[in-house]
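Undergrad: Structure file data12.pdb (PDB, C-alpha atoms) is given on the next line.
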ATOM      1  CA  MET A  36      -5.361  -4.110 -25.145  1.00  0.00           C
ATOM      2  CA  ASN A  37      -7.175  -3.097 -21.988  1.00  0.00           C
ATOM      3  CA  GLU A  38     -10.347  -5.057 -21.303  1.00  0.00           C
ATOM      4  CA  ARG A  39     -12.477  -5.153 -18.237  1.00  0.00           C
ATOM      5  CA  LEU A  40     -15.187  -7.476 -17.023  1.00  0.00           C
ATOM      6  CA  GLU A  41     -18.627  -5.972 -16.630  1.00  0.00           C
ATOM      7  CA  ASN A  42     -21.725  -7.668 -15.308  1.00  0.00           C
ATOM      8  CA  ARG A  43     -25.498  -7.327 -15.048  1.00  0.00           C
ATOM      9  CA  ILE A  44     -25.944  -8.849 -11.609  1.00  0.00           C
ATOM     10  CA  HIS A  45     -27.448  -5.664 -10.206  1.00  0.00           C
ATOM     11  CA  VAL A  46     -30.035  -5.572 -13.022  1.00  0.00           C
ATOM     12  CA  LEU A  47     -30.919  -9.246 -12.595  1.00  0.00           C
ATOM     13  CA  ARG A  48     -31.250  -8.827  -8.846  1.00  0.00           C
ATOM     14  CA  ALA A  49     -33.580  -5.894  -9.382  1.00  0.00           C
ATOM     15  CA  GLU A  50     -35.670  -7.943 -11.815  1.00  0.00           C
ATOM     16  CA  HIS A  51     -35.934 -10.758  -9.277  1.00  0.00           C
ATOM     17  CA  ARG A  52     -36.426  -8.299  -6.403  1.00  0.00           C
ATOM     18  CA  MET A  53     -33.494  -9.755  -4.503  1.00  0.00           C
ATOM     19  CA  SER A  54     -31.000  -8.233  -2.106  1.00  0.00           C
ATOM     20  CA  GLN A  55     -27.282  -8.922  -2.276  1.00  0.00           C
ATOM     21  CA  SER A  56     -27.657 -11.057   0.854  1.00  0.00           C
ATOM     22  CA  ASP A  57     -30.412 -13.130  -0.758  1.00  0.00           C
ATOM     23  CA  LEU A  58     -28.293 -13.864  -3.799  1.00  0.00           C
ATOM     24  CA  ALA A  59     -25.247 -14.552  -1.627  1.00  0.00           C
ATOM     25  CA  ASN A  60     -27.230 -17.086   0.401  1.00  0.00           C
ATOM     26  CA  GLU A  61     -28.570 -18.761  -2.722  1.00  0.00           C
ATOM     27  CA  ILE A  62     -25.152 -19.391  -4.236  1.00  0.00           C
ATOM     28  CA  GLY A  63     -23.203 -19.894  -0.998  1.00  0.00           C
ATOM     29  CA  VAL A  64     -20.898 -16.866  -0.903  1.00  0.00           C
ATOM     30  CA  SER A  65     -20.701 -13.838   1.368  1.00  0.00           C
ATOM     31  CA  ARG A  66     -22.578 -10.593   0.715  1.00  0.00           C
ATOM     32  CA  LYS A  67     -19.246  -8.818   0.388  1.00  0.00           C
ATOM     33  CA  THR A  68     -18.262 -11.183  -2.403  1.00  0.00           C
ATOM     34  CA  ILE A  69     -21.443 -10.323  -4.315  1.00  0.00           C
ATOM     35  CA  SER A  70     -21.100  -6.568  -3.738  1.00  0.00           C
ATOM     36  CA  THR A  71     -17.479  -6.539  -4.914  1.00  0.00           C
ATOM     37  CA  ILE A  72     -18.325  -8.631  -7.990  1.00  0.00           C
ATOM     38  CA  GLU A  73     -21.080  -6.139  -8.867  1.00  0.00           C
ATOM     39  CA  VAL A  74     -18.728  -3.167  -8.803  1.00  0.00           C
ATOM     40  CA  GLY A  75     -15.954  -5.057 -10.613  1.00  0.00           C
ATOM     41  CA  ARG A  76     -13.477  -5.190  -7.764  1.00  0.00           C
ATOM     42  CA  PHE A  77     -13.513  -8.951  -7.415  1.00  0.00           C
ATOM     43  CA  ILE A  78     -13.286 -11.100 -10.528  1.00  0.00           C
ATOM     44  CA  PRO A  79     -15.356 -14.199  -9.738  1.00  0.00           C
ATOM     45  CA  SER A  80     -14.148 -17.700 -10.496  1.00  0.00           C
ATOM     46  CA  THR A  81     -15.800 -19.749 -13.220  1.00  0.00           C
ATOM     47  CA  VAL A  82     -17.604 -21.707 -10.504  1.00  0.00           C
ATOM     48  CA  ILE A  83     -19.203 -18.595  -8.972  1.00  0.00           C
ATOM     49  CA  ALA A  84     -20.078 -17.195 -12.418  1.00  0.00           C
ATOM     50  CA  LEU A  85     -21.772 -20.468 -13.383  1.00  0.00           C
ATOM     51  CA  LYS A  86     -23.651 -20.629 -10.077  1.00  0.00           C
ATOM     52  CA  ILE A  87     -25.003 -17.102 -10.608  1.00  0.00           C
ATOM     53  CA  ALA A  88     -26.001 -17.943 -14.190  1.00  0.00           C
ATOM     54  CA  ARG A  89     -27.677 -21.163 -13.069  1.00  0.00           C
ATOM     55  CA  TYR A  90     -29.596 -19.340 -10.381  1.00  0.00           C
ATOM     56  CA  PHE A  91     -30.926 -16.687 -12.777  1.00  0.00           C
ATOM     57  CA  LYS A  92     -31.459 -19.349 -15.491  1.00  0.00           C
ATOM     58  CA  VAL A  93     -29.553 -17.403 -18.150  1.00  0.00           C
ATOM     59  CA  PRO A  94     -26.327 -18.124 -20.072  1.00  0.00           C
ATOM     60  CA  VAL A  95     -23.246 -16.880 -18.244  1.00  0.00           C
ATOM     61  CA  GLU A  96     -22.385 -14.500 -21.112  1.00  0.00           C
ATOM     62  CA  GLU A  97     -25.657 -12.685 -20.511  1.00  0.00           C
ATOM     63  CA  ILE A  98     -24.384 -11.761 -17.066  1.00  0.00           C
ATOM     64  CA  PHE A  99     -20.658 -11.264 -17.621  1.00  0.00           C
ATOM     65  CA  MET A 100     -19.134  -9.556 -20.648  1.00  0.00           C
ATOM     66  CA  LEU A 101     -15.693  -8.258 -21.613  1.00  0.00           C
ATOM     67  CA  VAL A 102     -15.697  -4.570 -22.515  1.00  0.00           C
ATOM     68  CA  GLU A 103     -12.914  -2.626 -24.214  1.00  0.00           C
ATOM     69  CA  GLY A 104     -11.368  -0.176 -21.779  1.00  0.00           C
ATOM     70  CA  GLU A 105      -9.652   3.150 -22.436  1.00  0.00           C
TER      71      GLU A 105
ATOM     72  CA  MET B 193     -34.809  -9.162   3.896  1.00  0.00           C
ATOM     73  CA  GLY B 194     -31.951 -11.599   4.251  1.00  0.00           C
ATOM     74  CA  GLN B 195     -29.411  -9.278   5.848  1.00  0.00           C
ATOM     75  CA  LEU B 196     -30.473 -10.047   9.416  1.00  0.00           C
ATOM     76  CA  LYS B 197     -29.454 -13.703   9.263  1.00  0.00           C
ATOM     77  CA  LYS B 198     -25.851 -14.086   8.176  1.00  0.00           C
ATOM     78  CA  SER B 199     -24.921 -16.964   5.872  1.00  0.00           C
ATOM     79  CA  SER B 200     -22.081 -19.390   6.578  1.00  0.00           C
ATOM     80  CA  ALA B 201     -19.894 -17.472   4.103  1.00  0.00           C
ATOM     81  CA  ASP B 202     -20.578 -14.219   5.982  1.00  0.00           C
ATOM     82  CA  GLN B 203     -19.630 -15.967   9.229  1.00  0.00           C
ATOM     83  CA  VAL B 204     -16.343 -17.014   7.618  1.00  0.00           C
ATOM     84  CA  ASP B 205     -15.698 -13.338   6.738  1.00  0.00           C
ATOM     85  CA  MET B 206     -16.310 -12.450  10.383  1.00  0.00           C
ATOM     86  CA  HIS B 207     -14.049 -15.288  11.505  1.00  0.00           C
ATOM     87  CA  ARG B 208     -11.286 -13.886   9.287  1.00  0.00           C
ATOM     88  CA  LYS B 209     -11.735 -10.392  10.742  1.00  0.00           C
ATOM     89  CA  LEU B 210     -11.454 -11.778  14.284  1.00  0.00           C
ATOM     90  CA  MET B 211      -8.378 -13.759  13.292  1.00  0.00           C
ATOM     91  CA  PHE B 212      -6.661 -10.687  11.855  1.00  0.00           C
ATOM     92  CA  GLY B 213      -7.698  -8.677  14.910  1.00  0.00           C
ATOM     93  CA  SER B 214      -5.879 -11.246  17.063  1.00  0.00           C
ATOM     94  CA  MET B 215      -2.906 -11.026  14.728  1.00  0.00           C
ATOM     95  CA  LEU B 216      -2.813  -7.241  15.064  1.00  0.00           C
ATOM     96  CA  LEU B 217      -2.805  -7.508  18.857  1.00  0.00           C
ATOM     97  CA  LEU B 218      -0.075 -10.147  18.691  1.00  0.00           C
ATOM     98  CA  SER B 219       1.988  -7.766  16.564  1.00  0.00           C
ATOM     99  CA  LEU B 220       1.609  -5.164  19.322  1.00  0.00           C
ATOM    100  CA  VAL B 221       3.082  -7.634  21.811  1.00  0.00           C
ATOM    101  CA  PHE B 222       6.145  -8.125  19.593  1.00  0.00           C
ATOM    102  CA  GLY B 223       6.269  -4.347  19.053  1.00  0.00           C
ATOM    103  CA  ILE B 224       6.355  -3.755  22.799  1.00  0.00           C
ATOM    104  CA  LYS B 225       9.032  -6.444  23.278  1.00  0.00           C
ATOM    105  CA  THR B 226      11.073  -4.647  20.610  1.00  0.00           C
ATOM    106  CA  ALA B 227      10.512  -1.274  22.230  1.00  0.00           C
ATOM    107  CA  LEU B 228      11.771  -2.625  25.555  1.00  0.00           C
ATOM    108  CA  TYR B 229      15.305  -2.496  24.103  1.00  0.00           C
ATOM    109  CA  LEU B 230      14.907   1.189  23.254  1.00  0.00           C
ATOM    110  CA  VAL B 231      13.657   2.529  26.603  1.00  0.00           C
ATOM    111  CA  ASN B 232      14.792   2.244  30.185  1.00  0.00           C
ATOM    112  CA  GLY B 233      13.722   2.827  33.774  1.00  0.00           C
ATOM    113  CA  ALA B 234      10.068   3.350  34.619  1.00  0.00           C
ATOM    114  CA  THR B 235       9.013   3.124  30.984  1.00  0.00           C
ATOM    115  CA  THR B 236      10.199  -0.494  30.884  1.00  0.00           C
ATOM    116  CA  ASP B 237       7.975  -1.413  33.831  1.00  0.00           C
ATOM    117  CA  TYR B 238       5.055   0.380  32.224  1.00  0.00           C
ATOM    118  CA  LEU B 239       5.576  -1.393  28.879  1.00  0.00           C
ATOM    119  CA  ASN B 240       5.802  -4.780  30.619  1.00  0.00           C
ATOM    120  CA  VAL B 241       2.381  -4.194  32.180  1.00  0.00           C
ATOM    121  CA  VAL B 242       0.955  -3.026  28.841  1.00  0.00           C
ATOM    122  CA  ALA B 243       2.413  -6.121  27.141  1.00  0.00           C
ATOM    123  CA  LYS B 244       0.696  -8.412  29.659  1.00  0.00           C
ATOM    124  CA  VAL B 245      -2.649  -6.657  29.122  1.00  0.00           C
ATOM    125  CA  VAL B 246      -2.310  -6.883  25.336  1.00  0.00           C
ATOM    126  CA  VAL B 247      -1.409 -10.605  25.575  1.00  0.00           C
ATOM    127  CA  ALA B 248      -4.544 -11.188  27.678  1.00  0.00           C
ATOM    128  CA  VAL B 249      -6.752  -9.319  25.174  1.00  0.00           C
ATOM    129  CA  ALA B 250      -5.113 -11.106  22.216  1.00  0.00           C
ATOM    130  CA  LEU B 251      -5.675 -14.527  23.803  1.00  0.00           C
ATOM    131  CA  THR B 252      -9.292 -13.617  24.577  1.00  0.00           C
ATOM    132  CA  LEU B 253      -9.858 -12.559  20.971  1.00  0.00           C
ATOM    133  CA  LEU B 254      -8.165 -15.741  19.757  1.00  0.00           C
ATOM    134  CA  GLY B 255     -10.533 -17.730  21.976  1.00  0.00           C
ATOM    135  CA  ILE B 256     -13.500 -15.857  20.496  1.00  0.00           C
ATOM    136  CA  THR B 257     -12.145 -16.621  16.998  1.00  0.00           C
ATOM    137  CA  VAL B 258     -12.050 -20.352  17.730  1.00  0.00           C
ATOM    138  CA  PHE B 259     -15.504 -20.199  19.358  1.00  0.00           C
ATOM    139  CA  TRP B 260     -16.867 -18.324  16.338  1.00  0.00           C
ATOM    140  CA  LYS B 261     -15.570 -20.988  13.974  1.00  0.00           C
ATOM    141  CA  LEU B 262     -17.019 -23.842  16.016  1.00  0.00           C
ATOM    142  CA  ARG B 263     -20.320 -22.110  16.738  1.00  0.00           C
ATOM    143  CA  PHE B 264     -21.210 -20.351  13.485  1.00  0.00           C
ATOM    144  CA  VAL B 265     -19.398 -22.162  10.661  1.00  0.00           C
ATOM    145  CA  PRO B 266     -21.312 -25.416  10.047  1.00  0.00           C
ATOM    146  CA  GLY B 267     -19.260 -28.541  10.687  1.00  0.00           C
ATOM    147  CA  LYS B 268     -20.111 -30.276   7.421  1.00  0.00           C
ATOM    148  CA  ASP B 269     -18.986 -27.293   5.319  1.00  0.00           C
ATOM    149  CA  ARG B 270     -16.273 -25.992   7.683  1.00  0.00           C
ATOM    150  CA  TYR B 271     -13.232 -27.369   5.888  1.00  0.00           C
ATOM    151  CA  TYR B 272     -14.440 -26.217   2.470  1.00  0.00           C
ATOM    152  CA  LEU B 273     -15.485 -22.757   3.672  1.00  0.00           C
ATOM    153  CA  LEU B 274     -12.277 -22.101   5.597  1.00  0.00           C
ATOM    154  CA  THR B 275      -9.928 -23.331   2.879  1.00  0.00           C
ATOM    155  CA  SER B 276     -11.787 -22.044  -0.173  1.00  0.00           C
ATOM    156  CA  THR B 277      -9.940 -19.410  -2.181  1.00  0.00           C
ATOM    157  CA  ASP B 278     -13.076 -18.572  -4.113  1.00  0.00           C
ATOM    158  CA  SER B 279     -14.201 -15.436  -2.282  1.00  0.00           C
ATOM    159  CA  PHE B 280     -13.436 -11.760  -1.854  1.00  0.00           C
ATOM    160  CA  VAL B 281     -12.016 -12.273   1.636  1.00  0.00           C
ATOM    161  CA  ALA B 282      -9.595 -14.935   0.318  1.00  0.00           C
ATOM    162  CA  GLN B 283      -8.429 -12.522  -2.387  1.00  0.00           C
ATOM    163  CA  VAL B 284      -7.872  -9.818   0.234  1.00  0.00           C
ATOM    164  CA  MET B 285      -5.872 -12.278   2.381  1.00  0.00           C
ATOM    165  CA  ASN B 286      -3.650 -13.140  -0.593  1.00  0.00           C
ATOM    166  CA  ARG B 287      -3.007  -9.494  -1.411  1.00  0.00           C
ATOM    167  CA  ALA B 288      -2.318  -8.615   2.236  1.00  0.00           C
ATOM    168  CA  CYS B 289       0.120 -11.552   2.408  1.00  0.00           C
ATOM    169  CA  ARG B 290       2.005 -10.309  -0.673  1.00  0.00           C
ATOM    170  CA  ILE B 291       2.165  -6.746   0.684  1.00  0.00           C
ATOM    171  CA  SER B 292       3.366  -7.981   4.068  1.00  0.00           C
ATOM    172  CA  TRP B 293       6.014 -10.253   2.534  1.00  0.00           C
ATOM    173  CA  SER B 294       7.396  -7.463   0.308  1.00  0.00           C
ATOM    174  CA  LEU B 295       7.522  -4.868   3.070  1.00  0.00           C
ATOM    175  CA  THR B 296       9.038  -7.269   5.605  1.00  0.00           C
ATOM    176  CA  PHE B 297      11.682  -8.381   3.122  1.00  0.00           C
ATOM    177  CA  SER B 298      12.518  -4.730   2.334  1.00  0.00           C
ATOM    178  CA  MET B 299      12.704  -3.910   6.027  1.00  0.00           C
ATOM    179  CA  LEU B 300      15.043  -6.871   6.669  1.00  0.00           C
ATOM    180  CA  CYS B 301      17.270  -5.807   3.748  1.00  0.00           C
ATOM    181  CA  LEU B 302      17.470  -2.265   5.135  1.00  0.00           C
ATOM    182  CA  THR B 303      18.232  -3.648   8.599  1.00  0.00           C
ATOM    183  CA  MET B 304      21.042  -5.781   7.165  1.00  0.00           C
ATOM    184  CA  MET B 305      22.476  -2.730   5.404  1.00  0.00           C
ATOM    185  CA  PHE B 306      22.770  -0.796   8.642  1.00  0.00           C
ATOM    186  CA  THR B 307      23.968  -3.609  10.908  1.00  0.00           C
ATOM    187  CA  SER B 308      26.647  -6.237  10.741  1.00  0.00           C
ATOM    188  CA  ARG B 309      27.626  -9.279  12.795  1.00  0.00           C
ATOM    189  CA  ASP B 310      30.437  -7.422  14.523  1.00  0.00           C
ATOM    190  CA  ASN B 311      28.969  -4.047  15.390  1.00  0.00           C
ATOM    191  CA  SER B 312      25.279  -4.729  16.062  1.00  0.00           C
ATOM    192  CA  PHE B 313      24.079  -2.585  18.937  1.00  0.00           C
ATOM    193  CA  PHE B 314      21.162  -4.873  19.783  1.00  0.00           C
ATOM    194  CA  PRO B 315      20.963  -8.620  20.535  1.00  0.00           C
ATOM    195  CA  THR B 316      19.529 -11.076  18.012  1.00  0.00           C
ATOM    196  CA  GLU B 317      16.227 -11.248  19.915  1.00  0.00           C
ATOM    197  CA  PHE B 318      15.608  -7.580  19.160  1.00  0.00           C
ATOM    198  CA  TYR B 319      15.744  -8.197  15.402  1.00  0.00           C
ATOM    199  CA  LEU B 320      13.582 -11.314  15.642  1.00  0.00           C
ATOM    200  CA  ASN B 321      10.946  -9.385  17.595  1.00  0.00           C
ATOM    201  CA  LEU B 322      11.196  -6.487  15.148  1.00  0.00           C
ATOM    202  CA  ALA B 323      10.693  -8.807  12.167  1.00  0.00           C
ATOM    203  CA  ALA B 324       7.731 -10.569  13.822  1.00  0.00           C
ATOM    204  CA  PHE B 325       6.160  -7.234  14.761  1.00  0.00           C
ATOM    205  CA  PHE B 326       6.605  -5.778  11.291  1.00  0.00           C
ATOM    206  CA  MET B 327       5.342  -8.860   9.462  1.00  0.00           C
ATOM    207  CA  LEU B 328       2.234  -9.357  11.626  1.00  0.00           C
ATOM    208  CA  ALA B 329       1.411  -5.635  11.711  1.00  0.00           C
ATOM    209  CA  THR B 330       1.698  -5.136   7.941  1.00  0.00           C
ATOM    210  CA  PHE B 331      -0.255  -8.353   7.256  1.00  0.00           C
ATOM    211  CA  SER B 332      -3.171  -7.467   9.538  1.00  0.00           C
ATOM    212  CA  ILE B 333      -3.298  -3.743   8.738  1.00  0.00           C
ATOM    213  CA  SER B 334      -3.149  -4.435   4.989  1.00  0.00           C
ATOM    214  CA  PHE B 335      -5.979  -6.933   5.381  1.00  0.00           C
ATOM    215  CA  PHE B 336      -8.231  -4.463   7.191  1.00  0.00           C
ATOM    216  CA  ILE B 337      -7.490  -1.620   4.759  1.00  0.00           C
ATOM    217  CA  LEU B 338      -8.121  -3.784   1.681  1.00  0.00           C
ATOM    218  CA  PHE B 339     -11.215  -5.394   3.172  1.00  0.00           C
ATOM    219  CA  LYS B 340     -12.650  -2.008   4.104  1.00  0.00           C
ATOM    220  CA  THR B 341     -11.779   0.081   1.071  1.00  0.00           C
ATOM    221  CA  GLU B 342     -12.260  -2.566  -1.591  1.00  0.00           C
ATOM    222  CA  GLY B 343     -15.565  -3.899  -0.443  1.00  0.00           C
ATOM    223  CA  ASP B 344     -17.319  -1.046   1.203  1.00  0.00           C
ATOM    224  CA  GLU B 345     -20.354  -0.865  -1.047  1.00  0.00           C
ATOM    225  CA  GLU B 346     -23.269  -1.156   1.267  1.00  0.00           C
ATOM    226  CA  PHE B 347     -26.595  -2.599   0.324  1.00  0.00           C
ATOM    227  CA  SER B 348     -27.801  -1.388  -3.020  1.00  0.00           C
ATOM    228  CA  SER B 349     -31.285  -0.226  -3.875  1.00  0.00           C
ATOM    229  CA  MET B 350     -32.927  -3.596  -3.330  1.00  0.00           C
ATOM    230  CA  ASP B 351     -31.394  -3.885   0.142  1.00  0.00           C
ATOM    231  CA  ALA B 352     -32.347  -0.461   1.380  1.00  0.00           C
TER     232      ALA B 352
END
Can you dump the structure from the file as structure tokens?

TA:
Amino acid sequence: MNERLENRIHVLRAEHRMSQSDLANEIGVSRKTISTIEVGRFIPSTVIALKIARYFKVPVEEIFMLVEGE
Amino acid sequence: MGQLKKSSADQVDMHRKLMFGSMLLLSLVFGIKTALYLVNGATTDYLNVVAKVVVAVALTLLGITVFWKLRFVPGKDRYYLLTSTDSFVAQVMNRACRISWSLTFSMLCLTMMFTSRDNSFFPTEFYLNLAAFFMLATFSISFFILFKTEGDEEFSSMDA
């Protein structure tokens, strides 16, 4: 089974009118970390995922979801 | 918006890049010391001068790396930020380390295949310098390639 992690960080940032740098500053990571999470190249730890969810005030599963791959 | 002022985590990324830049220059020094066994005459003198220049630049960059850490990474968070494995740059460092270890081990195995204790053409120092050069060069080059290619998405629509 091939599953991949997708996320809605880009959508949530757009809704909150935030840049990657703004979000990075808010949760204490680098902009590169945020940009690579958004495109799925860096799988964030539970701590980072929870910090992002806490910042946007949504459950973590509304941001990150496992999707069946090909 | 926020991209003008870099966060502490961004400063740690920069600190890592400076550190690996120093490492790359240090690998050049070992590379030159290795090459000294392969050349002779005027080329040796030339390489000795080049080695001294590279050492000076490497030490300068190392000094800048230390200054960067002390100046831009806040003291209260410094230990956590520099030892945290919870970031893209830490992941890249781990992957570069694995690549470097594998390639260096392969290179040493190949070297052992083609040399033996009795008929080695070069002294032991040559192989030590070669191993140090190869390990540092593959570690730093892998880091820069992975950091560049795997995280090159510039600011998205909200940042533009």

Undergrad: For the PyMOL selection byres ((chain A) within 8 of (chain B)), applied here, can you spell out every residue it catches as JSON, numbers by chain?

TA: {"A": [48, 49, 52, 53, 54, 55, 56, 57, 59, 60, 63, 64, 65, 66, 67, 68, 70, 71, 76, 77, 79, 80, 83]}

Undergrad: Leaving out Leu85 of chain A and any residue of its chain fewer than 3 positions from it, which residues lie within 10 Å of it when counting all atoms listed in the file, given as number ranges by chain?

TA: A: 62, 79-82, 88-96, 98

Undergrad: Emit as AutoDock Vina command-line options the padded axis-aligned box for all listed atoms of segment 63-82 of chain A, 5 Å per side, with centre and edge lengths in Å to one decimal.

TA:
--center_x -18.2 --center_y -12.4 --center_z -5.9 --size_x 19.9 --size_y 28.5 --size_z 24.6

Undergrad: Let me know the residues the PyMOL selection byres ((chain B and resi 230) around 12) catches in the file above, as a list of chain:residue names.

TA: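 Residues picked by the PyMOL selection byres ((chain B and resi 230) around 12): B:Gly223, B:Ile224, B:Lys225, B:Thr226, B:Ala227, B:Leu228, B:Tyr229, B:Val231, B:Asn232, B:Gly233, B:Thr235, B:Thr236, B:Leu239, B:Phe313, B:Phe314, B:Pro315, B:Phe318, B:Leu322.
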
Undergrad: Mind giving me the straight-line distance from atom CA of Gly213 of chain B to atom CA of Val247 of chain B in Å, one decimal?

TA: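 Here the two named atoms are 12.5 Å from each other.
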